[in-house]
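Undergrad: Please find work.cif (mmCIF, C-alpha atoms and all ligand atoms) on the next line:
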data_my_file
loop_
_atom_site.label_atom_id
_atom_site.label_comp_id
_atom_site.auth_asym_id
_atom_site.auth_seq_id
_atom_site.Cartn_x
_atom_site.Cartn_y
_atom_site.Cartn_z
CA MET A 438 107.30 99.90 93.97
CA ILE A 439 108.90 96.51 94.68
CA GLU A 440 108.47 93.92 91.94
CA LEU A 441 109.36 90.24 92.06
CA GLN A 442 109.20 88.20 88.87
CA LYS A 443 109.58 84.43 88.86
CA VAL A 444 111.80 84.56 91.93
CA THR A 445 113.18 81.21 93.01
CA LYS A 446 115.52 80.53 95.89
CA SER A 447 117.00 77.13 96.60
CA PHE A 448 119.65 75.98 99.03
CA GLN A 449 122.08 73.09 98.62
CA ILE A 450 121.30 70.20 100.93
CA LYS A 451 124.19 68.53 102.74
CA GLY A 452 124.90 65.21 101.06
CA GLY A 453 123.51 66.37 97.68
CA GLY A 454 120.43 67.84 96.09
CA GLU A 455 118.72 71.14 96.75
CA LYS A 456 115.75 72.45 98.65
CA ILE A 457 113.49 74.95 96.88
CA VAL A 458 112.38 77.48 99.51
CA LEU A 459 110.74 80.03 97.20
CA ASN A 460 109.34 78.78 93.93
CA SER A 461 108.90 81.13 90.97
CA LEU A 462 107.13 83.90 92.89
CA ASP A 463 105.51 86.90 91.19
CA PHE A 464 104.71 89.63 93.64
CA THR A 465 104.44 93.40 93.97
CA ILE A 466 104.50 95.79 96.93
CA GLY A 467 103.26 99.32 96.29
CA ASP A 468 104.73 102.59 97.54
CA ASN A 469 103.82 103.38 101.15
CA GLU A 470 102.21 99.95 101.53
CA PHE A 471 102.53 97.85 104.69
CA MET A 472 103.09 94.28 103.54
CA CYS A 473 103.20 91.41 106.02
CA LEU A 474 104.77 88.09 105.09
CA LEU A 475 102.85 85.66 107.31
CA GLY A 476 103.48 81.96 107.76
CA PRO A 477 104.75 79.20 110.02
CA SER A 478 108.39 78.66 110.90
CA GLY A 479 110.47 77.55 107.95
CA CYS A 480 108.07 78.65 105.15
CA GLY A 481 110.62 81.11 103.76
CA LYS A 482 109.56 84.51 105.17
CA SER A 483 113.03 85.63 106.22
CA THR A 484 114.51 84.27 103.02
CA MET A 485 112.06 86.39 101.03
CA LEU A 486 112.88 89.49 103.10
CA ARG A 487 116.61 88.89 102.62
CA LEU A 488 116.17 88.64 98.84
CA ILE A 489 113.99 91.77 98.54
CA SER A 490 116.38 93.77 100.73
CA GLY A 491 119.46 92.64 98.83
CA LEU A 492 121.03 90.79 101.79
CA ASP A 493 120.93 87.58 99.73
CA LYS A 494 120.63 86.71 96.03
CA ALA A 495 117.84 84.80 94.31
CA THR A 496 118.76 81.58 92.50
CA SER A 497 116.75 82.85 89.52
CA GLY A 498 114.22 85.53 88.64
CA SER A 499 114.27 89.28 89.04
CA ILE A 500 113.70 91.66 91.95
CA LYS A 501 113.40 95.37 91.22
CA ILE A 502 112.81 98.44 93.35
CA ASP A 503 111.51 101.41 91.37
CA GLY A 504 112.65 99.63 88.21
CA THR A 505 116.24 99.06 89.38
CA LYS A 506 117.52 95.54 89.93
CA VAL A 507 118.32 94.77 93.58
CA THR A 508 121.89 93.56 93.92
CA GLU A 509 122.79 94.67 97.46
CA PRO A 510 121.20 96.54 100.38
CA ASN A 511 120.87 100.21 99.52
CA ARG A 512 120.97 103.37 101.61
CA GLU A 513 117.32 104.05 101.02
CA SER A 514 116.29 101.09 103.13
CA SER A 515 116.68 100.27 106.83
CA PHE A 516 116.38 97.09 108.87
CA VAL A 517 114.90 96.14 112.23
CA PHE A 518 115.55 92.60 113.50
CA GLN A 519 114.11 90.54 116.36
CA ASN A 520 117.46 90.49 118.18
CA TYR A 521 117.79 94.33 117.92
CA ALA A 522 121.29 94.18 116.35
CA LEU A 523 122.45 97.15 118.43
CA PHE A 524 126.07 97.81 119.38
CA PRO A 525 126.55 97.08 123.11
CA TRP A 526 129.74 99.17 123.36
CA MET A 527 127.91 102.32 122.17
CA THR A 528 125.42 104.47 124.06
CA VAL A 529 121.84 104.79 122.86
CA ILE A 530 122.51 108.02 120.99
CA GLU A 531 125.71 106.69 119.43
CA ASN A 532 123.72 103.71 118.14
CA VAL A 533 121.14 106.04 116.58
CA GLU A 534 123.84 108.24 115.02
CA PHE A 535 125.81 105.29 113.66
CA GLY A 536 123.99 104.80 110.31
CA MET A 537 124.19 108.50 109.47
CA LYS A 538 127.87 108.59 110.40
CA ILE A 539 128.88 105.53 108.38
CA ASN A 540 126.98 106.89 105.35
CA LYS A 541 128.55 110.33 105.85
CA MET A 542 125.11 111.91 106.11
CA PHE A 543 124.73 115.40 107.60
CA SER A 544 127.15 117.36 109.79
CA ALA A 545 128.00 116.09 113.32
CA LYS A 546 125.69 118.74 114.81
CA GLU A 547 122.80 117.78 112.51
CA ARG A 548 123.34 114.07 113.25
CA HIS A 549 123.09 114.79 116.94
CA GLU A 550 119.97 116.91 116.53
CA ARG A 551 118.31 114.30 114.33
CA ALA A 552 119.15 111.53 116.80
CA ILE A 553 117.63 113.51 119.66
CA GLU A 554 114.52 114.26 117.60
CA HIS A 555 114.08 110.54 116.84
CA LEU A 556 114.71 109.48 120.45
CA GLU A 557 111.98 111.92 121.44
CA TYR A 558 109.70 110.37 118.82
CA VAL A 559 110.20 106.84 120.23
CA ASN A 560 109.84 108.16 123.78
CA LEU A 561 113.38 107.46 124.96
CA MET A 562 114.52 110.89 126.10
CA GLY A 563 116.56 110.64 129.28
CA PHE A 564 118.19 107.39 128.08
CA GLU A 565 120.41 108.84 125.36
CA ASN A 566 123.61 108.15 127.32
CA SER A 567 122.56 104.71 128.60
CA TYR A 568 124.17 101.53 127.30
CA ILE A 569 122.08 98.85 125.63
CA HIS A 570 122.31 96.36 128.52
CA GLN A 571 120.63 98.97 130.75
CA LEU A 572 117.42 98.88 128.65
CA SER A 573 114.39 96.58 128.57
CA GLY A 574 113.62 94.61 125.40
CA GLY A 575 110.96 97.11 124.34
CA MET A 576 113.35 100.04 124.87
CA LYS A 577 116.04 98.26 122.83
CA GLN A 578 113.59 97.84 119.97
CA ARG A 579 112.66 101.55 120.22
CA VAL A 580 116.36 102.38 119.80
CA ALA A 581 116.52 100.08 116.78
CA ILE A 582 113.43 101.78 115.30
CA ALA A 583 114.90 105.26 115.91
CA ARG A 584 118.16 104.16 114.27
CA ALA A 585 116.23 102.77 111.30
CA LEU A 586 114.11 105.90 110.81
CA VAL A 587 116.76 108.54 111.32
CA THR A 588 118.22 108.05 107.83
CA GLU A 589 114.76 108.65 106.33
CA PRO A 590 114.50 105.32 104.49
CA LYS A 591 112.03 104.75 101.70
CA ILE A 592 111.67 101.11 102.77
CA LEU A 593 111.72 99.58 106.22
CA PHE A 594 112.50 95.84 106.36
CA MET A 595 111.40 94.28 109.64
CA ASP A 596 112.05 90.63 110.53
CA GLU A 597 109.85 89.55 113.47
CA PRO A 598 110.80 92.75 115.30
CA PHE A 599 108.37 92.21 118.17
CA GLY A 600 108.76 88.43 118.41
CA ALA A 601 110.72 88.53 121.68
CA LEU A 602 108.50 91.08 123.45
CA ASP A 603 105.65 90.63 125.94
CA THR A 604 102.08 91.33 124.81
CA PHE A 605 101.82 94.82 126.36
CA THR A 606 105.13 96.06 124.93
CA ARG A 607 104.29 94.48 121.60
CA ILE A 608 100.94 96.30 121.43
CA SER A 609 102.52 99.68 122.20
CA LEU A 610 105.23 99.14 119.55
CA GLN A 611 102.62 98.04 117.01
CA ASP A 612 100.83 101.36 117.61
CA LEU A 613 104.13 103.20 117.17
CA LEU A 614 104.62 101.41 113.87
CA LEU A 615 101.14 102.37 112.64
CA ASP A 616 101.98 105.98 113.49
CA ILE A 617 105.22 105.66 111.48
CA LYS A 618 103.24 104.29 108.57
CA THR A 619 100.74 107.16 108.74
CA THR A 620 103.13 110.04 109.30
CA ARG A 621 106.14 109.07 107.18
CA ASN A 622 106.32 108.17 103.54
CA VAL A 623 107.71 104.69 104.03
CA THR A 624 107.00 101.25 102.60
CA ILE A 625 107.16 98.52 105.23
CA VAL A 626 107.93 94.85 104.58
CA PHE A 627 107.26 92.98 107.80
CA VAL A 628 107.82 89.31 108.65
CA THR A 629 105.70 87.70 111.35
CA HIS A 630 104.12 84.42 112.35
CA ASP A 631 101.59 86.22 114.55
CA ILE A 632 98.19 86.28 112.82
CA ASP A 633 96.73 89.09 114.98
CA GLU A 634 99.82 91.23 114.47
CA ALA A 635 99.49 90.85 110.70
CA ILE A 636 95.81 91.83 110.73
CA TYR A 637 96.39 94.85 112.97
CA LEU A 638 99.36 96.23 111.03
CA ALA A 639 99.20 95.22 107.40
CA ASP A 640 97.54 96.72 104.34
CA LYS A 641 98.23 93.39 102.64
CA ILE A 642 99.06 89.97 104.06
CA ALA A 643 100.94 87.42 101.96
CA ILE A 644 99.98 83.96 103.19
CA MET A 645 102.95 81.59 102.95
CA ASN A 646 102.59 77.90 103.72
CA SER A 647 105.33 75.45 104.65
CA ASN A 648 107.05 73.31 102.06
CA THR A 649 105.34 74.75 98.98
CA GLY A 650 107.65 77.68 98.27
CA LEU A 651 104.53 79.57 97.17
CA ILE A 652 102.40 82.49 98.30
CA ASN A 653 98.95 80.92 98.71
CA SER A 654 97.07 84.20 98.57
CA VAL A 655 97.33 87.90 99.34
CA ILE A 656 94.67 89.31 101.67
CA ASN A 657 93.79 93.03 101.50
CA VAL A 658 93.02 94.44 104.94
CA ASP A 659 90.63 97.32 105.53
CA LYS A 660 92.68 99.39 107.99
CA GLN A 661 89.74 101.49 109.17
CA GLN A 662 87.99 98.32 110.29
CA THR A 663 90.86 96.58 112.08
CA ARG A 664 91.85 99.24 114.62
CA ASN A 665 89.62 97.43 117.09
CA ARG A 666 91.54 94.27 118.01
CA THR A 667 88.49 92.61 119.55
CA GLY A 668 85.88 93.75 117.02
CA SER A 669 83.80 91.55 114.73
CA VAL A 670 85.64 92.59 111.54
CA PHE A 671 88.99 91.78 113.12
CA ASN A 672 87.63 88.36 114.06
CA ALA A 673 86.31 87.82 110.55
CA TYR A 674 89.82 88.40 109.13
CA ARG A 675 91.13 86.00 111.75
CA ASP A 676 88.66 83.32 110.60
CA VAL A 677 89.73 83.74 106.98
CA ILE A 678 93.41 83.42 107.85
CA TYR A 679 92.92 80.44 110.15
CA LYS A 680 91.16 78.73 107.24
CA GLU A 681 94.01 79.60 104.86
CA PHE A 682 96.37 77.76 107.20
CA ASN A 683 93.90 74.93 107.87
CA LEU A 684 93.96 75.78 111.56
CA CYS A 685 90.21 75.76 111.98
CA SER A 686 88.47 72.54 111.01
CA ASN A 687 84.86 73.74 111.44
CA LEU A 688 85.09 76.58 108.90
CA LYS A 689 84.89 76.20 105.15
CA LYS A 690 87.39 77.98 102.94
CA GLU A 691 84.49 79.33 100.82
CA ASP A 692 83.06 81.31 103.78
CA LYS A 693 83.32 85.01 103.05
CA LEU A 694 84.05 87.97 105.33
N1 LIG B 701 121.59 79.71 104.32
C1 LIG B 701 120.79 78.66 104.28
N2 LIG B 701 121.25 77.43 103.93
C2 LIG B 701 120.43 76.36 103.86
N3 LIG B 701 119.11 76.41 104.13
C3 LIG B 701 118.60 77.59 104.49
C4 LIG B 701 119.39 78.78 104.59
N4 LIG B 701 118.60 79.82 104.97
C5 LIG B 701 117.35 79.30 105.11
N5 LIG B 701 117.36 77.98 104.83
C6 LIG B 701 116.19 77.08 104.87
O1 LIG B 701 115.13 77.72 104.17
C7 LIG B 701 113.89 77.46 104.81
C8 LIG B 701 113.19 78.77 105.09
O2 LIG B 701 113.93 79.49 106.09
P1 LIG B 701 113.47 80.93 106.60
O3 LIG B 701 114.41 81.34 107.66
O4 LIG B 701 113.30 81.82 105.42
O5 LIG B 701 112.05 80.59 107.21
P2 LIG B 701 111.09 81.49 108.09
O6 LIG B 701 109.73 81.32 107.52
O7 LIG B 701 111.62 82.87 108.17
O8 LIG B 701 111.20 80.77 109.50
P3 LIG B 701 111.22 81.39 110.99
O9 LIG B 701 109.87 81.99 111.23
O10 LIG B 701 111.46 80.20 111.87
O11 LIG B 701 112.34 82.39 111.05
C9 LIG B 701 114.20 76.63 106.05
O12 LIG B 701 113.99 75.27 105.75
C10 LIG B 701 115.67 76.88 106.28
O13 LIG B 701 116.28 75.78 106.90
#
Let me see the structure of the file written as structure tokens.

TA:
Amino acid sequence: MIELQKVTKSFQIKGGGEKIVLNSLDFTIGDNEFMCLLGPSGCGKSTMLRLISGLDKATSGSIKIDGTKVTEPNRESSFVFQNYALFPWMTVIENVEFGMKINKMFSAKERHERAIEHLEYVNLMGFENSYIHQLSGGMKQRVAIARALVTEPKILFMDEPFGALDTFTRISLQDLLLDIKTTRNVTIVFVTHDIDEAIYLADKIAIMNSNTGLINSVINVDKQQTRNRTGSVFNAYRDVIYKEFNLCSNLKKEDKL
């Protein structure tokens, strides 16, 4: 369980003053939940992810994971970023083994076996000795996902991981992620500005608007009903979210699903 209480984050502005990016937020994310932080550029999604994951510190308020205050990134969480953050001088399998090695997890033989198992899972067998520049964007992100999963994290932090990918690759990686959510006991905190992606993936969507520093609302998504990306229920969620962001002038906010 991730718990935020009265979390505020502000940044100093050049020339004086400060900008409040997150303003006294109270928020919880349950175990094994898929939470999307959805909003336009600059609303504070990445800032929120960085605070929850311990990459940055809140100006005030408290963030706890399973009752323990977050002060730095911990071994029980993994990251996937839009720009892959892979090591170009290492092969695919060396990249996947890296986290286990640095954390002194498992024997060398076990690390190798686990890396192979995870490369199989993300459908990259045959590329284990390739270098990163020899892979497509989608393949790079599969390596990053294998590297993130191989340490068996309790929490996966993902910052616009599919933002740089074409629609077809994005759809196949979204399906991979839903499989990860179903088959592994992992909580996922996922940043996106793609409304359809949020509906398809999330159990809960936190709607964040620009310049308020607030979470406007949290939408619960019925996962059984949103597997069909072109179905009427999917479109109903889309209507609700477009209204939340005032993107659809002919719909009233009071309209229900
Ligand atoms: N280190 C920093 N110093 C000063 N301002 C910052 C810093 N990091 C973020 N900000 C500001 O905080 C606001 C929110 O940034 P953040 O990156 O969290 O937004 P975002 O919603 O993730 O945007 P995007 O989708 O474009 O990545 C922006 O106005 C940004 O300029």

Undergrad: Could you list, as a PyMOL selection string, all residues that come within 7 Å of ligand LIG 701 (chain B)? Count all atoms listed in the file.

TA: chain A and resi 448-450+458+476-485+630

Undergrad: So what do you get for atom CA of A:Phe464 versus atom CA of A:Leu614, distance-wise?

TA: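 The value is 23.4 Å.
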
Undergrad: Give me the residues within 12 Å of stretch 580-583 of chain A as a ChimeraX atom specification, counting only C-alpha atoms and dropping any in the same chain fewer than 6 places off.

TA: /A:515-525,527-537,551-562,564-569,572-574,589-590,593-595,598-599,610-611,613-614,617

Undergrad: Distance cut-off 12 Å, centre (100.8, 86.6, 115.3) in file coordinates, counting only C-alpha atoms: which residues qualify? Return them as a VMD selection string.

TA: chain A and resid 473 to 478 597 to 601 604 607 to 608 611 627 to 639 642 675 678 to 679

Undergrad: So how many Å separate atom CA of A:Glu513 and atom CA of A:Lys591, to one decimal?

TA: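 Between atom CA of A:Glu513 and atom CA of A:Lys591 the gap works out to 5.4 Å.
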